[in-house]
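Text of the file protein.cif, holding mmCIF, C-alpha atoms:
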data_protein
loop_
_atom_site.label_atom_id
_atom_site.label_comp_id
_atom_site.auth_asym_id
_atom_site.auth_seq_id
_atom_site.Cartn_x
_atom_site.Cartn_y
_atom_site.Cartn_z
CA MET A 1 48.43 87.98 121.55
CA THR A 2 46.73 86.34 124.52
CA VAL A 3 45.46 87.69 127.81
CA ARG A 4 45.37 85.32 130.76
CA LYS A 5 44.20 85.74 134.30
CA SER A 6 45.27 83.59 137.24
CA THR A 7 43.88 83.38 140.76
CA ARG A 8 45.26 81.83 143.91
CA ALA A 9 44.26 78.66 145.68
CA PRO A 10 44.13 79.02 149.48
CA SER A 11 47.15 77.82 151.42
CA ARG A 12 46.59 74.53 153.22
CA ALA A 13 48.79 75.69 156.07
CA ALA A 14 46.93 78.90 156.82
CA LYS A 15 43.47 77.57 157.81
CA PRO A 16 41.79 80.91 157.03
CA ALA A 17 38.24 81.78 157.93
CA GLU A 18 35.76 80.86 155.24
CA GLY A 19 35.70 83.46 152.48
CA LYS A 20 38.79 85.25 153.77
CA ALA A 21 41.44 86.00 151.16
CA THR A 22 44.74 84.31 151.74
CA LEU A 23 48.35 84.58 150.71
CA HIS A 24 50.10 82.46 148.11
CA PRO A 25 50.47 78.79 149.17
CA ARG A 26 54.27 79.13 149.22
CA ASN A 27 54.21 82.35 151.23
CA ARG A 28 56.05 81.85 154.55
CA HIS A 29 53.72 84.31 156.30
CA THR A 30 50.43 82.41 156.17
CA GLY A 31 48.67 81.91 159.49
CA ARG A 32 49.47 83.75 162.71
CA TYR A 33 52.92 84.97 163.59
CA ASP A 34 54.80 83.15 166.32
CA PHE A 35 55.68 86.24 168.34
CA PRO A 36 57.56 84.39 171.10
CA ALA A 37 59.85 82.87 168.45
CA LEU A 38 60.29 86.24 166.75
CA ILE A 39 61.18 87.89 170.05
CA GLU A 40 63.59 85.12 170.98
CA ALA A 41 65.49 85.73 167.73
CA SER A 42 65.06 89.53 167.85
CA PRO A 43 64.69 90.67 171.50
CA GLU A 44 64.26 94.33 170.50
CA LEU A 45 60.77 93.45 169.21
CA ALA A 46 59.52 92.86 172.76
CA ALA A 47 59.38 96.61 173.43
CA PHE A 48 56.74 97.03 170.73
CA MET A 49 54.40 94.19 171.67
CA ILE A 50 50.73 94.94 172.34
CA ILE A 51 47.60 92.89 172.90
CA ASN A 52 45.11 93.58 170.10
CA PRO A 53 41.31 93.85 170.58
CA TYR A 54 41.04 90.10 169.98
CA GLY A 55 43.34 89.33 172.90
CA LYS A 56 46.22 88.25 170.65
CA GLN A 57 49.84 89.36 170.64
CA SER A 58 50.61 91.86 167.91
CA ILE A 59 52.46 95.10 167.31
CA ASP A 60 51.18 98.63 166.90
CA PHE A 61 51.15 99.06 163.13
CA ALA A 62 50.55 102.79 163.65
CA ASN A 63 54.06 103.06 165.08
CA PRO A 64 56.70 103.34 162.31
CA ASP A 65 59.45 102.19 164.68
CA ALA A 66 57.44 99.09 165.57
CA VAL A 67 56.86 98.23 161.91
CA ARG A 68 60.56 98.70 161.12
CA VAL A 69 61.69 96.43 163.96
CA PHE A 70 58.98 93.90 163.08
CA ASN A 71 60.19 93.78 159.47
CA ARG A 72 63.75 93.31 160.67
CA ALA A 73 62.63 90.37 162.81
CA LEU A 74 60.68 88.79 159.93
CA LEU A 75 63.61 89.11 157.53
CA LYS A 76 65.92 87.55 160.09
CA GLN A 77 63.68 84.62 161.04
CA PHE A 78 62.26 83.74 157.62
CA TYR A 79 64.98 84.79 155.19
CA GLY A 80 68.23 84.79 157.14
CA ILE A 81 68.81 88.52 156.65
CA ALA A 82 70.84 89.43 159.72
CA HIS A 83 71.26 93.16 159.04
CA TRP A 84 68.43 95.38 157.82
CA ASP A 85 67.44 98.99 158.48
CA ILE A 86 66.13 102.00 156.57
CA PRO A 87 66.51 105.77 157.00
CA PRO A 88 63.72 107.60 158.87
CA GLY A 89 60.75 108.44 156.68
CA TYR A 90 61.46 105.89 153.96
CA LEU A 91 58.96 103.23 152.93
CA CYS A 92 58.79 100.27 155.31
CA PRO A 93 56.83 97.74 153.25
CA PRO A 94 54.52 94.95 154.43
CA ILE A 95 56.66 91.88 153.77
CA PRO A 96 53.92 89.24 153.20
CA GLY A 97 52.47 91.15 150.25
CA ARG A 98 55.90 91.74 148.75
CA ALA A 99 56.65 88.03 149.01
CA ASP A 100 53.35 87.22 147.28
CA TYR A 101 54.31 89.25 144.21
CA LEU A 102 57.56 87.29 143.88
CA HIS A 103 55.78 83.96 144.26
CA GLY A 104 53.32 85.01 141.59
CA LEU A 105 56.15 85.89 139.24
CA ALA A 106 57.76 82.50 139.94
CA ASP A 107 54.47 80.83 139.00
CA LEU A 108 54.37 82.81 135.77
CA LEU A 109 57.90 81.75 134.82
CA ALA A 110 57.03 78.14 135.69
CA GLU A 111 53.93 78.30 133.49
CA VAL A 112 56.06 79.08 130.45
CA ASN A 113 58.76 76.61 131.53
CA GLY A 114 56.90 73.32 131.54
CA GLY A 115 55.64 73.79 135.10
CA GLU A 116 59.10 74.12 136.64
CA ILE A 117 60.14 77.31 138.44
CA PRO A 118 63.53 78.43 137.08
CA ARG A 119 65.85 78.89 140.02
CA GLY A 120 69.34 80.12 140.64
CA ALA A 121 71.53 82.92 139.37
CA SER A 122 70.75 82.21 135.72
CA VAL A 123 67.51 84.13 136.31
CA HIS A 124 68.23 87.87 136.40
CA ALA A 125 65.47 90.16 137.69
CA LEU A 126 65.28 93.96 137.42
CA ASP A 127 63.57 95.69 140.35
CA ILE A 128 62.35 99.13 139.28
CA GLY A 129 62.35 101.42 142.32
CA THR A 130 64.03 99.06 144.76
CA GLY A 131 63.87 101.70 147.49
CA ALA A 132 65.85 102.02 150.70
CA ASN A 133 64.44 98.69 151.92
CA CYS A 134 65.67 96.47 149.02
CA ILE A 135 62.89 94.02 149.92
CA TYR A 136 62.27 92.34 146.57
CA PRO A 137 65.91 91.41 145.91
CA LEU A 138 66.34 90.11 149.46
CA ILE A 139 63.27 87.87 149.34
CA GLY A 140 63.68 86.82 145.71
CA LEU A 141 67.28 85.78 146.31
CA ARG A 142 66.42 83.77 149.41
CA GLU A 143 63.34 82.09 147.92
CA TYR A 144 64.53 81.27 144.42
CA GLY A 145 68.23 82.09 144.24
CA TRP A 146 67.59 84.69 141.53
CA ARG A 147 70.11 87.40 140.75
CA PHE A 148 68.84 90.97 141.01
CA THR A 149 69.62 94.44 139.78
CA GLY A 150 67.77 97.08 141.78
CA SER A 151 67.31 100.59 140.43
CA ASP A 152 66.19 103.87 141.95
CA ILE A 153 66.37 107.61 141.34
CA ASP A 154 66.90 108.44 145.03
CA THR A 155 70.56 108.53 146.10
CA ILE A 156 69.72 108.11 149.80
CA ALA A 157 67.55 105.08 149.05
CA LEU A 158 70.32 103.51 147.00
CA ALA A 159 72.88 104.19 149.71
CA SER A 160 70.64 102.43 152.22
CA ALA A 161 70.10 99.48 149.88
CA ARG A 162 73.86 99.21 149.29
CA THR A 163 74.46 99.15 153.05
CA ILE A 164 71.97 96.30 153.45
CA VAL A 165 73.50 94.31 150.60
CA ALA A 166 77.05 94.82 151.86
CA ALA A 167 76.19 94.04 155.50
CA ASN A 168 74.66 90.72 154.46
CA LYS A 169 77.47 89.93 151.98
CA LEU A 170 75.06 89.62 149.05
CA GLY A 171 76.97 91.76 146.55
CA GLU A 172 77.56 88.85 144.16
CA ARG A 173 73.81 88.39 143.66
CA ILE A 174 72.37 91.89 144.16
CA ALA A 175 73.62 94.85 142.12
CA LEU A 176 72.28 98.39 142.42
CA ARG A 177 72.03 101.00 139.71
CA GLN A 178 70.93 104.64 139.68
CA GLN A 179 68.41 106.02 137.20
CA ASN A 180 69.67 109.56 136.74
CA ASP A 181 66.75 110.81 134.66
CA SER A 182 63.49 110.96 136.61
CA ARG A 183 61.53 111.33 133.37
CA HIS A 184 62.40 107.80 132.32
CA ILE A 185 62.16 104.26 133.65
CA PHE A 186 64.03 101.87 131.31
CA GLU A 187 65.64 104.46 129.07
CA HIS A 188 69.19 105.35 130.20
CA LEU A 189 68.99 102.52 132.76
CA VAL A 190 68.96 99.34 130.66
CA GLN A 191 72.24 99.08 128.78
CA HIS A 192 72.74 97.52 125.34
CA GLU A 193 74.37 94.39 126.76
CA ASP A 194 71.75 93.84 129.51
CA ARG A 195 69.37 90.88 129.48
CA PHE A 196 66.72 90.50 132.17
CA ASP A 197 64.37 87.56 132.56
CA ILE A 198 61.74 89.44 134.56
CA THR A 199 61.14 92.97 135.79
CA LEU A 200 59.07 93.96 138.79
CA CYS A 201 57.83 97.30 140.01
CA ASN A 202 55.88 98.71 142.93
CA PRO A 203 54.78 102.00 141.32
CA PRO A 204 53.90 105.22 143.14
CA PHE A 205 50.16 104.88 143.66
CA HIS A 206 49.17 108.49 144.25
CA ALA A 207 49.16 111.72 142.27
CA SER A 208 50.16 113.97 145.20
CA GLN A 209 51.29 114.00 148.82
CA ALA A 210 47.81 115.12 149.87
CA GLU A 211 46.25 112.12 148.15
CA ALA A 212 48.74 109.75 149.81
CA SER A 213 48.01 111.23 153.25
CA SER A 214 44.26 111.02 152.67
CA GLY A 215 44.60 107.37 151.71
CA SER A 216 46.46 106.56 154.91
CA GLN A 217 43.90 108.34 157.08
CA ARG A 218 41.09 106.48 155.31
CA LYS A 219 42.87 103.19 155.98
CA TRP A 220 43.19 103.96 159.69
CA ARG A 221 39.51 104.91 159.83
CA ASN A 222 38.51 101.65 158.16
CA LEU A 223 40.61 99.72 160.66
CA GLY A 224 39.04 101.56 163.57
CA LYS A 225 42.36 103.13 164.58
CA LEU A 226 41.63 106.79 163.99
CA ASP A 227 41.66 108.04 167.57
CA PRO A 228 41.54 111.86 167.88
CA LYS A 229 43.52 111.62 171.15
CA ARG A 230 46.36 109.79 169.52
CA LYS A 231 48.95 111.11 167.12
CA LEU A 232 49.18 108.78 164.14
CA PRO A 233 51.73 108.86 161.33
CA VAL A 234 50.73 110.81 158.25
CA LEU A 235 51.72 107.81 156.10
CA ASN A 236 51.07 104.38 157.54
CA PHE A 237 54.20 102.75 156.12
CA GLY A 238 56.26 105.89 155.60
CA GLY A 239 57.61 106.76 152.20
CA GLN A 240 59.25 109.51 150.21
CA ALA A 241 57.78 111.33 147.23
CA ALA A 242 59.19 109.02 144.55
CA GLU A 243 57.96 105.98 146.47
CA LEU A 244 54.38 107.14 146.95
CA TRP A 245 53.32 109.73 144.40
CA CYS A 246 54.12 111.13 140.97
CA GLU A 247 52.43 113.39 138.46
CA GLY A 248 49.37 111.58 137.17
CA GLY A 249 49.58 108.90 139.86
CA GLU A 250 49.67 105.18 139.24
CA ALA A 251 47.83 105.33 135.90
CA ALA A 252 50.37 107.71 134.37
CA PHE A 253 53.36 105.80 135.76
CA ILE A 254 52.31 102.37 134.49
CA ALA A 255 51.41 103.87 131.11
CA ARG A 256 54.95 105.24 130.88
CA LEU A 257 56.31 101.88 132.04
CA ALA A 258 54.41 100.14 129.23
CA ASP A 259 55.53 102.65 126.60
CA GLU A 260 59.20 102.40 127.54
CA SER A 261 59.07 98.61 127.77
CA ARG A 262 58.57 98.50 124.01
CA GLY A 263 62.00 100.06 123.53
CA VAL A 264 63.75 97.19 125.34
CA ALA A 265 61.39 94.46 124.19
CA GLN A 266 64.16 92.14 122.96
CA GLN A 267 66.30 92.54 126.09
CA ILE A 268 63.69 91.55 128.65
CA CYS A 269 61.66 88.36 128.55
CA TRP A 270 58.81 89.40 130.86
CA PHE A 271 57.84 92.80 132.25
CA SER A 272 55.55 93.24 135.25
CA THR A 273 54.09 95.80 137.60
CA LEU A 274 51.84 95.88 140.62
CA VAL A 275 48.55 97.70 140.01
CA SER A 276 46.81 98.94 143.14
CA LYS A 277 43.65 100.32 141.52
CA ALA A 278 41.52 97.83 139.58
CA GLY A 279 40.25 100.60 137.31
CA ASN A 280 43.75 101.05 135.92
CA ILE A 281 43.86 97.50 134.54
CA PRO A 282 41.72 97.87 131.37
CA PRO A 283 43.58 100.98 130.09
CA LEU A 284 46.92 99.26 130.70
CA GLN A 285 45.81 96.11 128.87
CA ALA A 286 44.52 98.17 125.94
CA ARG A 287 47.78 100.11 125.79
CA LEU A 288 49.87 96.93 125.82
CA LYS A 289 47.80 95.47 122.98
CA LYS A 290 48.42 98.59 120.89
CA LEU A 291 52.12 98.38 121.67
CA GLY A 292 52.20 94.82 120.32
CA ALA A 293 52.51 92.71 123.47
CA ARG A 294 52.33 89.03 122.51
CA ARG A 295 50.87 87.96 125.82
CA ILE A 296 49.41 89.79 128.83
CA HIS A 297 49.03 88.05 132.18
CA LEU A 298 46.88 89.28 135.08
CA SER A 299 47.28 87.74 138.53
CA ASP A 300 45.11 88.60 141.53
CA MET A 301 46.60 88.77 145.02
CA ALA A 302 44.98 89.28 148.40
CA GLN A 303 45.81 89.44 152.09
CA GLY A 304 42.90 89.79 154.48
CA GLN A 305 40.81 92.72 153.23
CA LYS A 306 43.53 94.07 150.97
CA ARG A 307 43.24 93.29 147.26
CA SER A 308 45.95 93.83 144.71
CA ARG A 309 47.14 92.40 141.42
CA PHE A 310 50.05 92.43 139.05
CA VAL A 311 50.12 92.63 135.29
CA ALA A 312 52.89 90.98 133.29
CA TRP A 313 53.56 91.08 129.56
CA THR A 314 56.02 89.98 126.93
CA PHE A 315 56.79 91.07 123.38
CA LEU A 316 58.57 87.81 122.54
CA THR A 317 56.97 85.16 120.36
CA ASP A 318 56.62 81.61 121.66
CA ASP A 319 59.66 80.57 119.61
CA GLN A 320 61.70 83.48 120.95
CA GLN A 321 60.71 82.61 124.52
CA SER A 322 61.66 78.99 123.94
CA GLU A 323 65.09 80.02 122.69
CA TRP A 324 65.47 82.42 125.62
CA ARG A 325 64.72 79.65 128.13
CA ALA A 326 67.04 77.18 126.43
CA THR A 327 69.99 79.56 126.51
CA ARG A 328 69.47 81.22 129.91
CA TRP A 329 67.43 79.09 132.32
CA LYS A 330 69.94 76.36 132.94
CA ARG A 331 69.32 73.95 135.77
CA GLN A 332 71.38 74.89 138.81
CA PRO A 333 73.23 72.18 140.75
CA GLY A 334 71.56 71.17 143.98
#
Would you kindly transcribe this structure into structure tokens?
Amino acid sequence: MTVRKSTRAPSRAAKPAEGKATLHPRNRHTGRYDFPALIEASPELAAFMIINPYGKQSIDFANPDAVRVFNRALLKQFYGIAHWDIPPGYLCPPIPGRADYLHGLADLLAEVNGGEIPRGASVHALDIGTGANCIYPLIGLREYGWRFTGSDIDTIALASARTIVAANKLGERIALRQQNDSRHIFEHLVQHEDRFDITLCNPPFHASQAEASSGSQRKWRNLGKLDPKRKLPVLNFGGQAAELWCEGGEAAFIARLADESRGVAQQICWFSTLVSKAGNIPPLQARLKKLGARRIHLSDMAQGQKRSRFVAWTFLTDDQQSEWRATRWKRQPG
């Protein structure tokens, strides 16, 4: 069993300030946004434009409607997603960070594939908690041509995701599946005949609604946006209970994810999860070792002042992984 850690080289295109953390080199969102181009393609964004304290065009990230319309414009310009919306109050994720996770997973698969990223529909990814926004399948399909199955326990979230998939005619590449038992993650969801090359998960980070709200207020304070005269959203990117908090918080969720992954160890090549809190990494690594993971991979990610990371693991031996690649990761034409 090996544990590896990878870090990111700065993007040549971004030209960040010295010492400033940057996105993945392949991330389409490095550097400043071209707001005139975004508005030209999505005129509705113009209503939400502001001039930030640095005299630059931006949007008001404290306004959920602005963030939703901004995301819609980004998905349209960068990924060709013409139709995207979410129900009020559901998580509206920051797209650059979501894209970074997918690029990191592509790097991981390339590392075990002779340096070549496996592309096309032969790669089947399972998105645990795909949410109403369906962001990971949308970006992963556009960037690498991967096929996705998205799962969720929330019927409204799944209905929204299905609407997005259908409106963009992506049903052949993105399937959606309900987890009917909130006590489980893989159990009852992964069927006997299923084979997934990679799983991804953005777990609920908090242990309660109060903790989630406190975290958002702290973030606004750190950004200098906490103005007592101004009504700010309770949650900076929205989100329902299952998206943001669960009993025991992130640590309990990823521990359960690790435990259940052992039960489908031969059906999934690589498992992964985002981990927001650095202190949760060592317990997860120790748990995976006890469960018999053959390899554990830790990848750091960063955008501006925000730091995150994902942990990936496999129970397959090198020979089993080699056989898996030979039978599933076939080169796609074009």
Return as a tab-separated table the residues of range 179-203 of chain A lying at most 12 Å from range 298-318 of chain A, together with the closest atom-to-atom pair for each and the distance in Å to one decimal, counting only C-alpha atoms, with rows in chain order and ascending residue number.
residue	atom	partner	partner_atom	distance
A:Phe196	CA	A:Thr314	CA	11.9
A:Asp197	CA	A:Thr314	CA	10.4
A:Ile198	CA	A:Ala312	CA	9.1
A:Thr199	CA	A:Ala312	CA	8.8
A:Leu200	CA	A:Ala312	CA	8.8
A:Cys201	CA	A:Phe310	CA	9.2
A:Asn202	CA	A:Phe310	CA	9.4
A:Pro203	CA	A:Phe310	CA	10.9
Q | Separation of CA of Ala161 in chain A from CA of Gln77 in chain A in Å | A |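 Answer for the CA of Gln77 in chain A to CA of Ala161 in chain A separation: 19.7 Å.
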Q: Taking the file as shown, find all residues satisfying the PyMOL selection byres ((chain A and resi 141) around 12) and write them as an MDAnalysis selection string.
A: chainID A and resid 79:81 99 102:103 106 119:125 134:140 142:149 165 170:175
Q: May I have the residues within 6 Å of range 41-51 of chain A as a ChimeraX atom specification, using only C-alpha atoms and disregarding those fewer than 6 positions away in the same chain?
A: /A:57-59,66,73
Q) Please, what distance in Å, to one decimal, runs between CA of His192 in chain A and CA of Arg262 in chain A? A)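 Atom-to-atom, CA of His192 in chain A and CA of Arg262 in chain A are spaced 14.3 Å apart.
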(Q) Could you tell me how far CA of Ala167 in chain A sits from CA of His83 in chain A, in Å to one decimal place? (A)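 Between these atoms lies a distance of 6.1 Å.
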**Q.** Of the listed residues A:Ile281, A:Cys92, A:Leu109, A:Leu75, that which approaches Ser322 in chain A most closely, counting all atoms listed in the file
**A.** A:Leu109
(Q) Under the PyMOL selection byres ((chain A and resi 297) around 12), which residues of this model are included? Write them out as a PyMOL selection string. (A) chain A and resi 1-7+104-105+107-109+111-112+270-274+281+284-285+288-289+293-296+298-300+309-314
Would you mind exporting the chosen residues as an mmCIF file, in the frame of the given file, restricted to C-alpha atoms?
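To be explicit, this is the file written out as again-v8.cif:
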data_model
loop_
_atom_site.group_PDB
_atom_site.id
_atom_site.type_symbol
_atom_site.label_atom_id
_atom_site.label_comp_id
_atom_site.auth_asym_id
_atom_site.auth_seq_id
_atom_site.Cartn_x
_atom_site.Cartn_y
_atom_site.Cartn_z
ATOM 1 C CA MET A 1 48.430 87.980 121.550
ATOM 2 C CA THR A 2 46.730 86.340 124.520
ATOM 3 C CA VAL A 3 45.460 87.690 127.810
ATOM 4 C CA ARG A 4 45.370 85.320 130.760
ATOM 5 C CA LYS A 5 44.200 85.740 134.300
ATOM 6 C CA SER A 6 45.270 83.590 137.240
ATOM 7 C CA THR A 7 43.880 83.380 140.760
ATOM 8 C CA GLY A 104 53.320 85.010 141.590
ATOM 9 C CA LEU A 105 56.150 85.890 139.240
ATOM 10 C CA ASP A 107 54.470 80.830 139.000
ATOM 11 C CA LEU A 108 54.370 82.810 135.770
ATOM 12 C CA LEU A 109 57.900 81.750 134.820
ATOM 13 C CA GLU A 111 53.930 78.300 133.490
ATOM 14 C CA VAL A 112 56.060 79.080 130.450
ATOM 15 C CA TRP A 270 58.810 89.400 130.860
ATOM 16 C CA PHE A 271 57.840 92.800 132.250
ATOM 17 C CA SER A 272 55.550 93.240 135.250
ATOM 18 C CA THR A 273 54.090 95.800 137.600
ATOM 19 C CA LEU A 274 51.840 95.880 140.620
ATOM 20 C CA ILE A 281 43.860 97.500 134.540
ATOM 21 C CA LEU A 284 46.920 99.260 130.700
ATOM 22 C CA GLN A 285 45.810 96.110 128.870
ATOM 23 C CA LEU A 288 49.870 96.930 125.820
ATOM 24 C CA LYS A 289 47.800 95.470 122.980
ATOM 25 C CA ALA A 293 52.510 92.710 123.470
ATOM 26 C CA ARG A 294 52.330 89.030 122.510
ATOM 27 C CA ARG A 295 50.870 87.960 125.820
ATOM 28 C CA ILE A 296 49.410 89.790 128.830
ATOM 29 C CA LEU A 298 46.880 89.280 135.080
ATOM 30 C CA SER A 299 47.280 87.740 138.530
ATOM 31 C CA ASP A 300 45.110 88.600 141.530
ATOM 32 C CA ARG A 309 47.140 92.400 141.420
ATOM 33 C CA PHE A 310 50.050 92.430 139.050
ATOM 34 C CA VAL A 311 50.120 92.630 135.290
ATOM 35 C CA ALA A 312 52.890 90.980 133.290
ATOM 36 C CA TRP A 313 53.560 91.080 129.560
ATOM 37 C CA THR A 314 56.020 89.980 126.930
#
Q: Identify the residues around (51.2, 87.3, 152.3) within a radius of 9 Å, measuring from all atoms listed in the file in the coordinates stated by the file, and give them as a ChimeraX atom specification.
A: /A:22-24,27-30,94-101,301-304
Q) Nearest to Arg195 in chain A among A:Ile153, A:Ala166, A:Leu126, A:Leu176, with distances taken over all atoms listed in the file: which residue is it? A)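 Residue with the minimum atom-to-atom distance to Arg195 in chain A: A:Leu126.
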Q) Can you tell me, as a PyMOL selection string, what residues are no more than 12 Å from Val190 in chain A when counting only C-alpha atoms, ignoring any on the same chain fewer than 6 positions away? A) chain A and resi 126-128+149-151+177-180+184+196+199+260-261+263-268
Q: Take the PyMOL selection byres ((chain A and resi 157) around 12), apply it to the structure above, and return the hits as a PyMOL selection string.
A: chain A and resi 85-92+129-134+150-156+158-164+176-179+239-243
